[in-house]
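J.: For reference, the file protein-v1.csv (CSV, C-alpha atoms and all ligand atoms) is included below:
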chain,number,residue,atom,x,y,z
C,1,MET,CA,-19.9,16.2,3.1
C,2,ILE,CA,-21.2,13.5,5.4
C,3,ASN,CA,-24.2,13.5,7.7
C,4,PRO,CA,-23.2,15.9,10.6
C,5,GLN,CA,-24.5,13.4,13.2
C,6,LEU,CA,-22.2,10.7,11.9
C,7,GLU,CA,-19.3,13.3,11.9
C,8,ARG,CA,-19.9,14.0,15.5
C,9,LYS,CA,-20.1,10.3,16.3
C,10,LEU,CA,-16.8,9.6,14.5
C,11,ASN,CA,-15.2,12.5,16.4
C,12,ALA,CA,-16.4,11.0,19.6
C,13,ILE,CA,-15.0,7.6,18.7
C,14,LEU,CA,-11.6,8.7,17.4
C,15,GLY,CA,-11.0,12.1,19.0
C,16,LYS,CA,-9.4,15.3,17.7
C,17,GLY,CA,-7.3,15.2,14.5
C,18,ARG,CA,-8.4,11.7,13.4
C,19,VAL,CA,-11.5,12.7,11.3
C,20,SER,CA,-10.7,14.8,8.2
C,21,THR,CA,-13.5,16.4,6.3
C,22,GLY,CA,-11.9,19.5,4.6
C,23,PHE,CA,-11.4,19.5,0.9
C,24,ALA,CA,-7.6,20.1,1.1
C,25,GLU,CA,-7.2,17.3,3.7
C,26,THR,CA,-9.1,14.8,1.7
C,27,LEU,CA,-7.9,15.7,-1.7
C,28,VAL,CA,-5.3,13.0,-2.0
C,29,TYR,CA,-7.9,10.4,-1.2
C,30,GLN,CA,-9.8,11.1,-4.4
C,31,SER,CA,-8.1,8.2,-6.2
C,32,ASP,CA,-5.7,5.4,-5.6
C,33,GLY,CA,-3.0,4.3,-8.1
C,34,LEU,CA,-5.7,4.3,-10.9
C,35,THR,CA,-5.8,8.1,-11.2
C,36,LEU,CA,-8.3,7.9,-14.1
C,37,HIS,CA,-11.1,7.1,-11.6
C,38,LYS,CA,-11.7,9.8,-9.0
C,39,ALA,CA,-14.3,10.6,-6.4
C,40,GLN,CA,-14.4,13.0,-3.4
C,41,PRO,CA,-14.9,11.2,-0.1
C,42,GLY,CA,-17.1,12.8,2.5
C,43,CYS,CA,-14.6,12.1,5.2
C,44,VAL,CA,-11.4,10.2,6.0
C,45,VAL,CA,-10.9,8.6,9.4
C,46,PHE,CA,-7.7,7.3,11.0
C,47,PRO,CA,-8.4,4.5,13.5
C,48,GLU,CA,-5.6,3.1,15.6
C,49,SER,CA,-7.0,-0.2,16.9
C,50,THR,CA,-9.4,-3.0,16.0
C,51,ALA,CA,-11.9,-1.7,18.5
C,52,GLU,CA,-11.9,1.7,16.8
C,53,VAL,CA,-12.3,0.2,13.3
C,54,GLN,CA,-15.3,-1.8,14.6
C,55,SER,CA,-16.9,1.3,16.2
C,56,VAL,CA,-16.4,3.2,13.0
C,57,VAL,CA,-18.0,0.4,10.9
C,58,LEU,CA,-21.0,0.3,13.4
C,59,ALA,CA,-21.4,4.1,13.3
C,60,CYS,CA,-21.4,4.0,9.4
C,61,LEU,CA,-23.9,1.2,9.4
C,62,ALA,CA,-26.2,3.0,11.8
C,63,ALA,CA,-26.0,6.2,9.7
C,64,ASP,CA,-26.5,4.1,6.5
C,65,THR,CA,-23.3,5.6,5.1
C,66,PRO,CA,-20.9,3.6,2.9
C,67,TYR,CA,-17.3,3.2,3.9
C,68,VAL,CA,-14.2,1.6,2.4
C,69,ALA,CA,-10.8,0.6,3.9
C,70,ARG,CA,-7.7,2.1,2.6
C,71,GLY,CA,-4.0,1.3,3.0
C,72,ALA,CA,-1.4,3.3,1.1
C,73,GLY,CA,-3.7,3.9,-1.9
C,74,THR,CA,-1.4,2.3,-4.4
C,75,GLY,CA,-4.1,-0.1,-5.7
C,76,LEU,CA,-4.6,-0.1,-9.4
C,77,SER,CA,-8.3,-1.2,-9.4
C,78,GLY,CA,-9.9,1.9,-7.9
C,79,GLY,CA,-10.9,0.0,-4.8
C,80,ALA,CA,-9.9,2.5,-2.1
C,81,VAL,CA,-12.0,5.3,-3.5
C,82,MET,CA,-15.3,6.5,-2.1
C,83,ASP,CA,-17.8,9.0,-3.4
C,84,GLY,CA,-19.2,11.0,-0.5
C,85,GLY,CA,-18.8,8.2,2.1
C,86,VAL,CA,-16.1,7.4,4.7
C,87,ILE,CA,-12.6,6.2,3.9
C,88,VAL,CA,-11.2,4.2,6.8
C,89,GLU,CA,-7.5,4.9,6.5
C,90,LEU,CA,-5.4,2.3,8.2
C,91,SER,CA,-1.9,3.9,8.0
C,92,ARG,CA,-1.8,4.5,11.7
C,93,MET,CA,-2.3,0.8,12.5
C,94,ASN,CA,1.3,0.3,11.4
C,95,ARG,CA,2.8,-1.8,14.3
C,96,ILE,CA,4.7,-5.0,13.9
C,97,ILE,CA,3.2,-6.7,16.9
C,98,ALA,CA,5.5,-9.7,17.1
C,99,ILE,CA,8.1,-11.6,15.1
C,100,HIS,CA,8.6,-15.3,15.9
C,101,PRO,CA,11.6,-16.3,14.0
C,102,GLU,CA,11.7,-19.8,15.6
C,103,ASP,CA,8.2,-20.5,14.3
C,104,ARG,CA,8.6,-18.4,11.1
C,105,TYR,CA,5.7,-16.1,11.5
C,106,ALA,CA,4.9,-12.5,12.4
C,107,VAL,CA,1.8,-10.7,13.7
C,108,VAL,CA,1.2,-7.2,12.1
C,109,GLN,CA,-1.3,-4.5,11.9
C,110,PRO,CA,-2.7,-3.9,8.4
C,111,GLY,CA,-1.0,-0.5,7.9
C,112,VAL,CA,2.5,-2.0,8.1
C,113,VAL,CA,4.4,-1.1,4.9
C,114,ASN,CA,5.3,-4.4,3.1
C,115,ASN,CA,9.0,-3.7,2.9
C,116,HIS,CA,9.2,-2.6,6.6
C,117,LEU,CA,8.4,-6.1,7.7
C,118,SER,CA,11.2,-7.6,5.7
C,119,ILE,CA,13.5,-4.9,7.1
C,120,ALA,CA,12.4,-5.8,10.7
C,121,ALA,CA,12.8,-9.6,10.0
C,122,LYS,CA,16.2,-9.3,8.4
C,123,PRO,CA,18.3,-9.5,11.6
C,124,TYR,CA,16.6,-13.0,12.1
C,125,GLY,CA,17.6,-14.1,8.5
C,126,MET,CA,13.9,-14.0,7.5
C,127,GLU,CA,11.7,-12.0,5.1
C,128,PHE,CA,8.1,-11.5,4.0
C,129,ALA,CA,8.1,-12.9,0.5
C,130,PRO,CA,5.2,-11.2,-1.3
C,131,ASP,CA,6.9,-8.3,-3.1
C,132,PRO,CA,4.6,-6.1,-5.2
C,133,SER,CA,6.7,-3.5,-7.0
C,134,SER,CA,5.0,-0.9,-4.8
C,135,GLN,CA,6.4,-2.6,-1.7
C,136,MET,CA,8.2,0.5,-0.5
C,137,VAL,CA,4.9,2.1,0.3
C,138,CYS,CA,2.0,-0.4,0.0
C,139,THR,CA,0.6,-1.9,3.2
C,140,ILE,CA,0.2,-5.6,4.1
C,141,GLY,CA,-3.5,-5.0,4.7
C,142,GLY,CA,-3.7,-3.8,1.0
C,143,ASN,CA,-1.7,-6.8,-0.1
C,144,VAL,CA,-4.1,-9.2,1.7
C,145,ALA,CA,-7.1,-7.4,0.2
C,146,GLU,CA,-5.6,-7.5,-3.3
C,147,ASN,CA,-3.8,-10.9,-3.0
C,148,ALA,CA,-0.8,-9.0,-4.3
C,149,GLY,CA,2.1,-10.7,-6.0
C,150,GLY,CA,5.4,-9.6,-7.4
C,151,PRO,CA,8.6,-10.8,-8.9
C,152,HIS,CA,9.0,-13.4,-6.1
C,153,THR,CA,5.6,-14.9,-7.0
C,154,LEU,CA,7.2,-17.5,-9.4
C,155,LYS,CA,9.1,-19.1,-6.5
C,156,TYR,CA,7.1,-18.2,-3.4
C,157,GLY,CA,3.5,-17.7,-4.6
C,158,VAL,CA,1.2,-14.7,-3.9
C,159,THR,CA,0.0,-13.2,-0.6
C,160,THR,CA,-2.5,-15.9,0.1
C,161,ASN,CA,0.3,-18.4,0.4
C,162,HIS,CA,1.8,-16.3,3.2
C,163,VAL,CA,-1.3,-15.4,5.3
C,164,LEU,CA,-1.9,-17.7,8.3
C,165,GLY,CA,-4.7,-15.9,10.0
C,166,GLN,CA,-6.5,-12.6,10.4
C,167,THR,CA,-8.6,-10.5,12.7
C,168,ALA,CA,-11.2,-8.7,10.7
C,169,VAL,CA,-14.4,-6.6,11.1
C,170,LEU,CA,-17.1,-8.0,8.8
C,171,GLY,CA,-19.6,-5.9,6.9
C,172,ASP,CA,-22.2,-6.1,9.7
C,173,GLY,CA,-19.7,-5.0,12.3
C,174,GLU,CA,-19.0,-8.5,13.7
C,175,LEU,CA,-15.4,-9.1,14.8
C,176,VAL,CA,-13.8,-12.4,13.6
C,177,LYS,CA,-10.5,-14.1,14.3
C,178,THR,CA,-9.6,-16.7,11.7
C,179,GLY,CA,-6.7,-19.1,11.4
C,180,GLY,CA,-3.6,-18.8,13.5
C,181,PRO,CA,0.1,-19.3,13.5
C,182,TRP,CA,0.0,-22.9,12.5
C,183,PRO,CA,-1.3,-23.9,9.0
C,184,VAL,CA,-4.8,-25.5,8.9
C,185,GLN,CA,-6.2,-24.1,12.1
C,186,ARG,CA,-9.8,-23.4,12.8
C,187,GLY,CA,-10.9,-20.7,10.5
C,188,SER,CA,-7.9,-21.0,8.1
C,189,SER,CA,-10.1,-21.4,5.1
C,190,PHE,CA,-12.2,-18.4,6.0
C,191,SER,CA,-9.0,-16.4,6.3
C,192,SER,CA,-7.9,-17.7,2.8
C,193,PHE,CA,-11.4,-16.7,1.5
C,194,LEU,CA,-10.9,-13.1,2.8
C,195,VAL,CA,-7.6,-12.7,0.9
C,196,GLY,CA,-8.4,-11.0,-2.4
C,197,THR,CA,-11.8,-9.8,-1.5
C,198,GLU,CA,-10.6,-6.2,-2.0
C,199,GLY,CA,-12.2,-4.9,1.3
C,200,THR,CA,-15.7,-5.9,0.1
C,201,VAL,CA,-16.3,-8.5,2.9
C,202,ALA,CA,-14.3,-7.2,5.8
C,203,ILE,CA,-11.7,-4.7,7.1
C,204,THR,CA,-8.6,-6.7,8.2
C,205,THR,CA,-7.2,-5.3,11.4
C,206,GLU,CA,-4.5,-7.8,12.3
C,207,ILE,CA,-2.7,-10.4,10.2
C,208,ILE,CA,-0.5,-13.4,11.0
C,209,VAL,CA,1.9,-13.8,8.2
C,210,ARG,CA,4.4,-16.5,7.3
C,211,LEU,CA,8.1,-15.5,7.2
C,212,MET,CA,10.6,-17.2,4.9
C,213,PRO,CA,14.3,-17.6,5.4
C,214,THR,CA,16.3,-15.1,3.3
C,215,GLU,CA,18.1,-16.5,0.3
C,216,PRO,CA,21.7,-17.1,1.2
C,217,GLY,CA,22.8,-15.3,-1.9
C,218,VAL,CA,21.3,-13.5,-4.9
C,219,LYS,CA,22.8,-12.9,-8.3
C,220,THR,CA,21.1,-10.5,-10.7
C,221,MET,CA,21.4,-10.9,-14.4
C,222,LEU,CA,20.2,-8.7,-17.3
C,223,ALA,CA,19.5,-10.2,-20.7
C,224,VAL,CA,18.5,-8.3,-23.8
C,225,PHE,CA,16.2,-10.0,-26.4
C,226,ASP,CA,15.2,-8.9,-29.9
C,227,SER,CA,11.5,-9.8,-29.4
C,228,ILE,CA,9.0,-10.5,-26.6
C,229,ALA,CA,8.6,-14.0,-28.0
C,230,ALA,CA,12.3,-14.7,-27.5
C,231,ALA,CA,12.2,-13.2,-24.0
C,232,THR,CA,9.3,-15.3,-22.9
C,233,ASP,CA,10.8,-18.5,-24.5
C,234,SER,CA,13.8,-17.9,-22.2
C,235,VAL,CA,11.5,-18.2,-19.2
C,236,THR,CA,10.5,-21.7,-20.4
C,237,ALA,CA,14.2,-22.5,-21.1
C,238,ILE,CA,15.2,-21.4,-17.6
C,239,LEU,CA,12.5,-23.4,-15.8
C,240,SER,CA,13.0,-26.5,-17.9
C,241,ALA,CA,16.7,-26.4,-17.1
C,242,GLY,CA,15.6,-27.0,-13.5
C,243,VAL,CA,16.4,-23.5,-12.3
C,244,LEU,CA,13.7,-21.8,-10.1
C,245,THR,CA,14.8,-18.2,-10.0
C,246,SER,CA,13.6,-16.0,-7.0
C,247,ALA,CA,12.4,-13.4,-9.5
C,248,LEU,CA,12.0,-12.9,-13.3
C,249,GLU,CA,10.9,-9.5,-14.6
C,250,LEU,CA,10.3,-8.5,-18.2
C,251,MET,CA,10.5,-4.9,-19.5
C,252,ASP,CA,9.3,-4.3,-23.1
C,253,SER,CA,10.6,-1.4,-25.2
C,254,HIS,CA,7.7,0.9,-24.4
C,255,ILE,CA,8.4,0.6,-20.6
C,256,ILE,CA,12.1,1.1,-21.1
C,257,LYS,CA,11.5,4.3,-23.1
C,258,ALA,CA,9.0,5.5,-20.5
C,259,VAL,CA,11.5,5.0,-17.6
C,260,GLU,CA,14.2,6.7,-19.6
C,261,ALA,CA,12.0,9.7,-20.4
C,262,HIS,CA,11.1,10.3,-16.7
C,263,PRO,CA,14.2,9.5,-14.6
C,264,SER,CA,14.2,10.4,-10.9
C,265,PRO,CA,16.6,13.3,-10.6
C,266,ALA,CA,20.3,12.5,-10.2
C,267,VAL,CA,22.9,14.8,-8.9
C,268,ALA,CA,26.6,13.8,-9.4
C,269,GLY,CA,25.4,10.4,-10.5
C,270,ARG,CA,23.4,9.8,-7.2
C,271,ARG,CA,19.7,9.3,-7.5
C,272,ILE,CA,17.5,11.6,-5.3
C,273,ARG,CA,14.6,9.7,-3.7
C,274,LEU,CA,11.2,11.5,-3.4
C,275,ARG,CA,7.9,10.9,-1.6
C,276,TYR,CA,5.1,13.3,-1.0
C,277,MET,CA,2.0,13.8,1.1
C,278,THR,CA,-0.6,16.6,1.5
C,279,GLN,CA,-0.6,19.0,4.3
C,280,ALA,CA,-3.9,19.2,6.1
C,281,ASN,CA,-6.1,22.2,5.7
C,282,ALA,CA,-3.4,24.2,3.8
C,283,ARG,CA,-4.4,26.8,1.2
C,284,PRO,CA,-3.1,26.8,-1.4
C,285,PRO,CA,-2.9,23.0,-1.6
C,286,THR,CA,0.5,22.2,-0.1
C,287,PHE,CA,2.5,19.0,-0.7
C,288,VAL,CA,5.3,18.0,1.6
C,289,VAL,CA,7.9,16.4,-0.5
C,290,PHE,CA,10.3,14.2,1.4
C,291,CYS,CA,13.5,14.2,-0.5
C,292,SER,CA,16.8,12.4,0.2
C,293,ARG,CA,18.7,15.6,-0.8
C,294,PRO,CA,16.4,18.6,-0.7
C,295,LYS,CA,19.1,21.2,-1.4
C,296,ALA,CA,20.3,19.3,-4.4
C,297,LEU,CA,16.9,19.1,-6.1
C,298,PRO,CA,17.1,21.1,-9.4
C,299,ASP,CA,14.5,23.9,-9.8
C,300,SER,CA,13.5,22.3,-13.1
C,301,TYR,CA,12.5,19.1,-11.2
C,302,SER,CA,10.4,21.1,-8.7
C,303,ARG,CA,8.6,22.6,-11.6
C,304,TYR,CA,8.1,19.2,-13.1
C,305,LEU,CA,6.7,18.0,-9.8
C,306,VAL,CA,4.2,20.9,-9.5
C,307,ASN,CA,3.0,20.2,-13.0
C,308,SER,CA,2.6,16.4,-12.3
C,309,LEU,CA,0.8,17.1,-9.1
C,310,ARG,CA,-1.6,19.5,-10.8
C,311,GLU,CA,-2.3,16.9,-13.5
C,312,ASN,CA,-2.7,14.0,-11.0
C,313,PHE,CA,-5.0,15.9,-8.6
C,314,ASP,CA,-7.0,17.7,-11.3
C,315,LEU,CA,-5.9,21.2,-10.2
C,316,PRO,CA,-5.4,23.0,-13.6
C,317,GLY,CA,-3.9,26.4,-13.0
C,318,VAL,CA,-4.3,26.2,-9.2
C,319,PRO,CA,-1.2,27.4,-7.3
C,320,ILE,CA,0.5,24.6,-5.5
C,321,ARG,CA,3.1,25.0,-2.7
C,322,LEU,CA,5.9,22.5,-2.3
C,323,HIS,CA,7.7,22.0,1.1
C,324,LEU,CA,10.9,20.2,0.5
C,325,ARG,CA,12.1,18.2,3.5
C,326,LYS,CA,14.5,15.4,4.3
C,327,GLY,CA,12.7,12.2,5.2
C,328,ARG,CA,13.1,11.4,9.0
C,329,ASN,CA,11.7,7.9,9.2
C,330,PRO,CA,11.7,4.8,7.0
C,331,TYR,CA,8.2,5.8,5.6
C,332,GLU,CA,9.3,9.3,4.7
C,333,ARG,CA,12.5,8.1,3.3
C,334,GLY,CA,10.7,5.5,1.2
C,335,ALA,CA,13.2,3.0,2.6
T,401,LIG,C1,4.0,1.4,-8.9
T,401,LIG,C2,3.1,0.3,-8.5
T,401,LIG,C3,3.5,-1.0,-8.6
T,401,LIG,C4,2.7,-2.1,-8.3
T,401,LIG,N1,3.1,-3.3,-8.4
T,401,LIG,C5,2.3,-4.4,-8.1
T,401,LIG,C6,2.8,-5.7,-8.2
T,401,LIG,O1,3.9,-6.0,-8.6
T,401,LIG,N2,1.9,-6.7,-7.8
T,401,LIG,C7,0.6,-6.4,-7.4
T,401,LIG,O2,-0.1,-7.4,-7.0
T,401,LIG,N3,0.2,-5.2,-7.3
T,401,LIG,C8,1.0,-4.1,-7.6
T,401,LIG,N4,0.5,-2.8,-7.5
T,401,LIG,C9,-0.8,-2.6,-7.0
T,401,LIG,C10,-0.9,-2.3,-5.4
T,401,LIG,O3,0.3,-1.8,-5.0
T,401,LIG,C11,-1.2,-3.5,-4.6
T,401,LIG,O4,-2.5,-4.0,-5.0
T,401,LIG,C12,-1.1,-3.3,-3.1
T,401,LIG,O5,-1.4,-4.6,-2.5
T,401,LIG,C13,-2.1,-2.3,-2.6
T,401,LIG,O6,-1.8,-2.0,-1.3
T,401,LIG,P1,-2.3,-0.6,-0.6
T,401,LIG,O7,-1.8,-0.6,0.8
T,401,LIG,O8,-1.8,0.5,-1.4
T,401,LIG,O9,-3.8,-0.8,-0.7
T,401,LIG,P2,-4.9,0.3,-1.2
T,401,LIG,O10,-4.7,0.8,-2.6
T,401,LIG,O11,-5.1,1.4,-0.2
T,401,LIG,O12,-6.2,-0.6,-1.2
T,401,LIG,C14,-6.4,-1.6,-2.1
T,401,LIG,C15,-7.7,-2.4,-1.9
T,401,LIG,O13,-7.5,-3.0,-0.6
T,401,LIG,C16,-8.6,-2.6,0.3
T,401,LIG,N5,-7.9,-2.6,1.6
T,401,LIG,C17,-6.8,-1.9,2.0
T,401,LIG,N6,-6.5,-2.2,3.3
T,401,LIG,C18,-7.4,-3.1,3.7
T,401,LIG,C19,-7.7,-3.7,4.9
T,401,LIG,N7,-6.9,-3.5,6.0
T,401,LIG,N8,-8.8,-4.5,5.0
T,401,LIG,C20,-9.6,-4.7,4.0
T,401,LIG,N9,-9.4,-4.1,2.8
T,401,LIG,C21,-8.3,-3.3,2.6
T,401,LIG,C22,-9.0,-1.3,-0.2
T,401,LIG,O14,-10.4,-1.1,0.1
T,401,LIG,C23,-8.9,-1.5,-1.7
T,401,LIG,O15,-10.0,-2.2,-2.3
T,401,LIG,C24,1.4,-1.8,-7.8
T,401,LIG,C25,0.9,-0.5,-7.7
T,401,LIG,C26,1.8,0.6,-8.1
T,401,LIG,C27,1.3,2.0,-8.0
Can you turn what I pasted into C-alpha cells?

T.:
Amino acid sequence: MINPQLERKLNAILGKGRVSTGFAETLVYQSDGLTLHKAQPGCVVFPESTAEVQSVVLACLAADTPYVARGAGTGLSGGAVMDGGVIVELSRMNRIIAIHPEDRYAVVQPGVVNNHLSIAAKPYGMEFAPDPSSQMVCTIGGNVAENAGGPHTLKYGVTTNHVLGQTAVLGDGELVKTGGPWPVQRGSSFSSFLVGTEGTVAITTEIIVRLMPTEPGVKTMLAVFDSIAAATDSVTAILSAGVLTSALELMDSHIIKAVEAHPSPAVAGRRIRLRYMTQANARPPTFVVFCSRPKALPDSYSRYLVNSLRENFDLPGVPIRLHLRKGRNPYERGA
C-alpha cells in the first residue's frame, strides 16, 4: 500500500493503466533475478517519457516515499526490489530513437532490450557489444546501472566502454544531460560516473551508446579439460599466442550437470522457447507463457512450470493458471 494521495498523484501524471497497486499485478516485482531476496512493492508505475519519470520522482519526493528504477528485473544483486515504495518500471520506454551507422552510435531509451539494439543495427553491419548472458531480456538501462559485461568483455570491455552520454533524473528530481555522441564531451565523466551506480544516484531515461562493426566471421570451438586449472591455463595460452577471442566462456562440471538436469523442452529435436509474464489483476494468479510451439509443449513440462512458478513466487499450494500463447513480437518470442 502506498499513501493514497501519492497514488492519486501518480494516476494523474501517468493516466489509466500505468499505475499498478494490486497484489496480483505487483507479484512479479517482488524480486529480481536474486529470488532469495523478496519484498512487496506498494506500487509499480510505467512511465513512457523522461518528463513522466521526472514527475514521478518529484511526486515520490514530495510524499517522502522511496522509489527504485527497474528494467527487466534480471539483476542478480536485488537492486530493483522495493519494500512498500514505488517501482519505476521502464519497460515501456523501449524505443530505439536513432541509429547513426556513419558515426557509430545509437540513441536509445532505457527499456530497450540489449539484444534488440544489435538486431536493429545488424543491417548496418554494426552491433552493441556488451552482451550479458541475459541479453535476450535485460534492458540497456539495467546494463548501464550495473555496468554489465558478458563473454565479449575480454575483447570489447564492459558497458561503461560503450556509453557516450545519458539523460538522467537525479535523486532530487533534477534533469541532467551528460556527454554526447563524441567521446570526451562536456559531462562525459559524469556520465561515466553514473554507469554502475545501480540506480542509487539517478534514473537514466536516454542513453547514447557506441556501436561496433560486426565481426566479419565467427568460429566457435568447444574444448574439454580435465580440471579447472587446465582450462584457465588455456586462457593464458590463447592470449599469449596473440589471439584475442571475441568471447571465452567456461562451464564447470556443476553447471554442465545443472543444465543437463533442466533442459528446455524439445520436441522432435527442436527446442521450445519459453517466456512468461503475469496477467494483471487475475485470480488465481495467472501467468501468460509465450511459447514458440504452444501445442507441442508436453503436459509434464507445464506441470514443471507451475511448480517452478509456485516456488519462485512463494505461492505454496496456491492454484496457478497458465495461458500458453505463441509470442507475437521479439520481446515475447525472446528473440
Ligand atoms: C540468466 C542471467 C544471466 C546474466 N548474465 C550476466 C552477465 O553475463 N553479465 C552481467 O554483468 N550480468 C548478468 N546478469 C545480471 C543482469 O542481467 C544484468 O545486471 C543486467 O544488466 C540487468 O538488467 P535489467 O534490465 O534486468 O535490470 P534490473 O534487474 O531491472 O535492474 C538492475 C539494477 O539497475 C537499476 N536500473 C534499471 N534500470 C535503470 C535505469 N534506467 N536507470 C537507473 N537505474 C536502473 C535497478 O534499480 C537495479 O538496481 C545475468 C542475469 C541473469 C538472470

J.: Could you tell me which of C:Gly179, C:Met212, C:Asp103, C:Arg283 comes closest to Lys122 in chain C if we count only C-alpha atoms?

T.: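 Nearest to Lys122 in chain C: C:Met212.
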
J.: Pick out the residues sitting within 9 Å of Ala72 in chain C, and hand them over as a PyMOL selection string; count all atoms listed in the file, and ignore anything fewer than 2 positions along from it in its own chain.

T.: chain C and resi 32+70+74-75+89-91+111+113+137-139+142

J.: Choose the residue, out of C:Met126, C:Cys291, C:Ala24, C:Ala145, that has the smallest atom-to-atom separation from ligand LIG 401 (chain T); count all atoms listed in the file.

T.: C:Ala145

J.: Write out as a tab-separated table a residue-level contact list of chain C versus ligand LIG 401 (chain T) with cut-off 6 Å: for each qualifying residue the closest pair of atoms and the distance in Å to one decimal, counting all atoms listed in the file, rows sorted by chain and residue number upward.

T.:
residue	atom	partner	partner_atom	distance
C:Asp32	CA	T:LIG401	O10	5.6
C:Gly33	CA	T:LIG401	C27	4.9
C:Val68	CA	T:LIG401	O14	5.2
C:Ala69	CA	T:LIG401	O14	4.2
C:Arg70	CA	T:LIG401	O11	3.9
C:Gly71	CA	T:LIG401	O11	3.4
C:Ala72	CA	T:LIG401	O8	3.8
C:Gly73	CA	T:LIG401	O11	3.3
C:Thr74	CA	T:LIG401	O8	3.5
C:Gly75	CA	T:LIG401	O10	3.3
C:Leu76	CA	T:LIG401	C9	5.1
C:Gly79	CA	T:LIG401	O15	3.4
C:Ala80	CA	T:LIG401	C23	4.1
C:Pro110	CA	T:LIG401	N7	4.9
C:Pro132	CA	T:LIG401	O1	3.5
C:Ser133	CA	T:LIG401	N1	3.9
C:Ser134	CA	T:LIG401	C3	4.1
C:Cys138	CA	T:LIG401	O7	3.9
C:Thr139	CA	T:LIG401	O7	3.6
C:Gly141	CA	T:LIG401	N7	3.9
C:Gly142	CA	T:LIG401	O9	3.4
C:Asn143	CA	T:LIG401	O5	3.3
C:Ala145	CA	T:LIG401	O13	4.5
C:Glu146	CA	T:LIG401	O4	5.0
C:Ala148	CA	T:LIG401	O2	3.2
C:Gly149	CA	T:LIG401	O2	4.1
C:Gly150	CA	T:LIG401	O1	4.1
C:Glu198	CA	T:LIG401	O15	4.1
C:Gly199	CA	T:LIG401	N9	3.3
C:Ala202	CA	T:LIG401	C20	5.6
C:Ile203	CA	T:LIG401	N8	3.6
C:Thr204	CA	T:LIG401	N8	3.9
C:Thr205	CA	T:LIG401	N7	5.7

J.: Distance cut-off 10 Å, centre (-8.3, 9.8, -4.2) in file coordinates, counting all atoms listed in the file: which residues qualify? Return them as a list of chain:residue names.

T.: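 Protein, DNA and RNA residues close to (-8.3, 9.8, -4.2): C:Thr26, C:Leu27, C:Val28, C:Tyr29, C:Gln30, C:Ser31, C:Asp32, C:Gly33, C:Leu34, C:Thr35, C:His37, C:Lys38, C:Ala39, C:Gln40, C:Pro41, C:Gly73, C:Gly78, C:Ala80, C:Val81, C:Met82, C:Asp83, C:Ile87, C:Asn312, C:Phe313.
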
J.: State, in Å with one decimal place, the distance from CA of Ser77 in chain C to CA of Gln109 in chain C.

T.: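 That distance, rounded to one decimal, is 22.7 Å.
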
J.: Distance CA of Val224 in chain C-CA of Ile238 in chain C, one decimal place?

T.: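 Interatomic distance here is 14.9 Å.
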
J.: Taking 6 positions as the minimum chain separation for residues in the same chain, which residues sit within 12 Å of Ala51 in chain C when counting only C-alpha atoms? Answer as a PyMOL selection string.

T.: chain C and resi 13-14+57-58+93+167-169+173-176+203-206

J.: Compile the contact shell of Ser302 in chain C as number ranges by chain: residues with an atom at most 10 Å away, counting only C-alpha atoms, same-chain residues fewer than 4 positions apart removed.

T.: C: 289, 297-298, 306-308, 322, 324

J.: In Å, how far is it from CA of Pro294 in chain C to CA of Arg321 in chain C?

T.: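 Separation of CA of Pro294 in chain C and CA of Arg321 in chain C: 14.9 Å.
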
J.: For a quick check of understanding, using only C-alpha atoms, which of C:Tyr124, C:Phe225, C:Tyr67, C:Tyr156 has the smallest distance to Met251 in chain C?

T.: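 Among C:Tyr124, C:Phe225, C:Tyr67, C:Tyr156, it is C:Phe225 that comes nearest to Met251 in chain C.
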
J.: Please, what is the axis-aligned box for every listed atom of range 133-139 of chain C with 4 Å on each side, as centre and edge lengths in Å to one decimal, as lines of an AutoDock Vina configuration file?

T.:
center_x = 4.4
center_y = -0.7
center_z = -1.9
size_x = 15.6
size_y = 13.6
size_z = 18.2

J.: I'd like the contact shell of range 233-237 of chain C - 12 Å cut-off, all atoms listed in the file, skipping same-chain residues fewer than 4 positions apart - returned as a VMD selection string.

T.: chain C and resid 154 223 to 229 241 to 245 247 to 250

J.: Taking the block above, write range 219-246 of chain C with C-alpha atoms as a PDB file, in the first residue's frame.

T.:
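Result file selection-v2.pdb:
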ATOM      1  CA  LYS C 219      34.217 -19.616 -35.429  1.00  0.00           C
ATOM      2  CA  THR C 220      33.010 -21.353 -32.274  1.00  0.00           C
ATOM      3  CA  MET C 221      35.142 -24.040 -30.639  1.00  0.00           C
ATOM      4  CA  LEU C 222      34.464 -26.350 -27.705  1.00  0.00           C
ATOM      5  CA  ALA C 223      37.361 -27.748 -25.682  1.00  0.00           C
ATOM      6  CA  VAL C 224      37.085 -30.197 -22.788  1.00  0.00           C
ATOM      7  CA  PHE C 225      39.588 -30.105 -19.916  1.00  0.00           C
ATOM      8  CA  ASP C 226      40.204 -32.450 -17.004  1.00  0.00           C
ATOM      9  CA  SER C 227      40.489 -29.687 -14.432  1.00  0.00           C
ATOM     10  CA  ILE C 228      39.571 -26.014 -13.913  1.00  0.00           C
ATOM     11  CA  ALA C 229      43.288 -25.217 -13.645  1.00  0.00           C
ATOM     12  CA  ALA C 230      43.960 -26.708 -17.079  1.00  0.00           C
ATOM     13  CA  ALA C 231      41.001 -24.772 -18.535  1.00  0.00           C
ATOM     14  CA  THR C 232      42.144 -21.443 -17.087  1.00  0.00           C
ATOM     15  CA  ASP C 233      45.747 -22.111 -18.199  1.00  0.00           C
ATOM     16  CA  SER C 234      44.389 -22.385 -21.729  1.00  0.00           C
ATOM     17  CA  VAL C 235      43.122 -18.772 -21.483  1.00  0.00           C
ATOM     18  CA  THR C 236      46.667 -17.573 -20.780  1.00  0.00           C
ATOM     19  CA  ALA C 237      47.980 -19.764 -23.596  1.00  0.00           C
ATOM     20  CA  ILE C 238      45.439 -18.352 -26.092  1.00  0.00           C
ATOM     21  CA  LEU C 239      46.160 -14.736 -25.128  1.00  0.00           C
ATOM     22  CA  SER C 240      49.931 -15.190 -25.080  1.00  0.00           C
ATOM     23  CA  ALA C 241      49.726 -16.680 -28.566  1.00  0.00           C
ATOM     24  CA  GLY C 242      48.468 -13.249 -29.659  1.00  0.00           C
ATOM     25  CA  VAL C 243      44.850 -14.328 -30.236  1.00  0.00           C
ATOM     26  CA  LEU C 244      42.173 -12.019 -28.806  1.00  0.00           C
ATOM     27  CA  THR C 245      38.982 -14.072 -28.995  1.00  0.00           C
ATOM     28  CA  SER C 246      35.657 -12.224 -29.099  1.00  0.00           C
TER      29      SER C 246
END
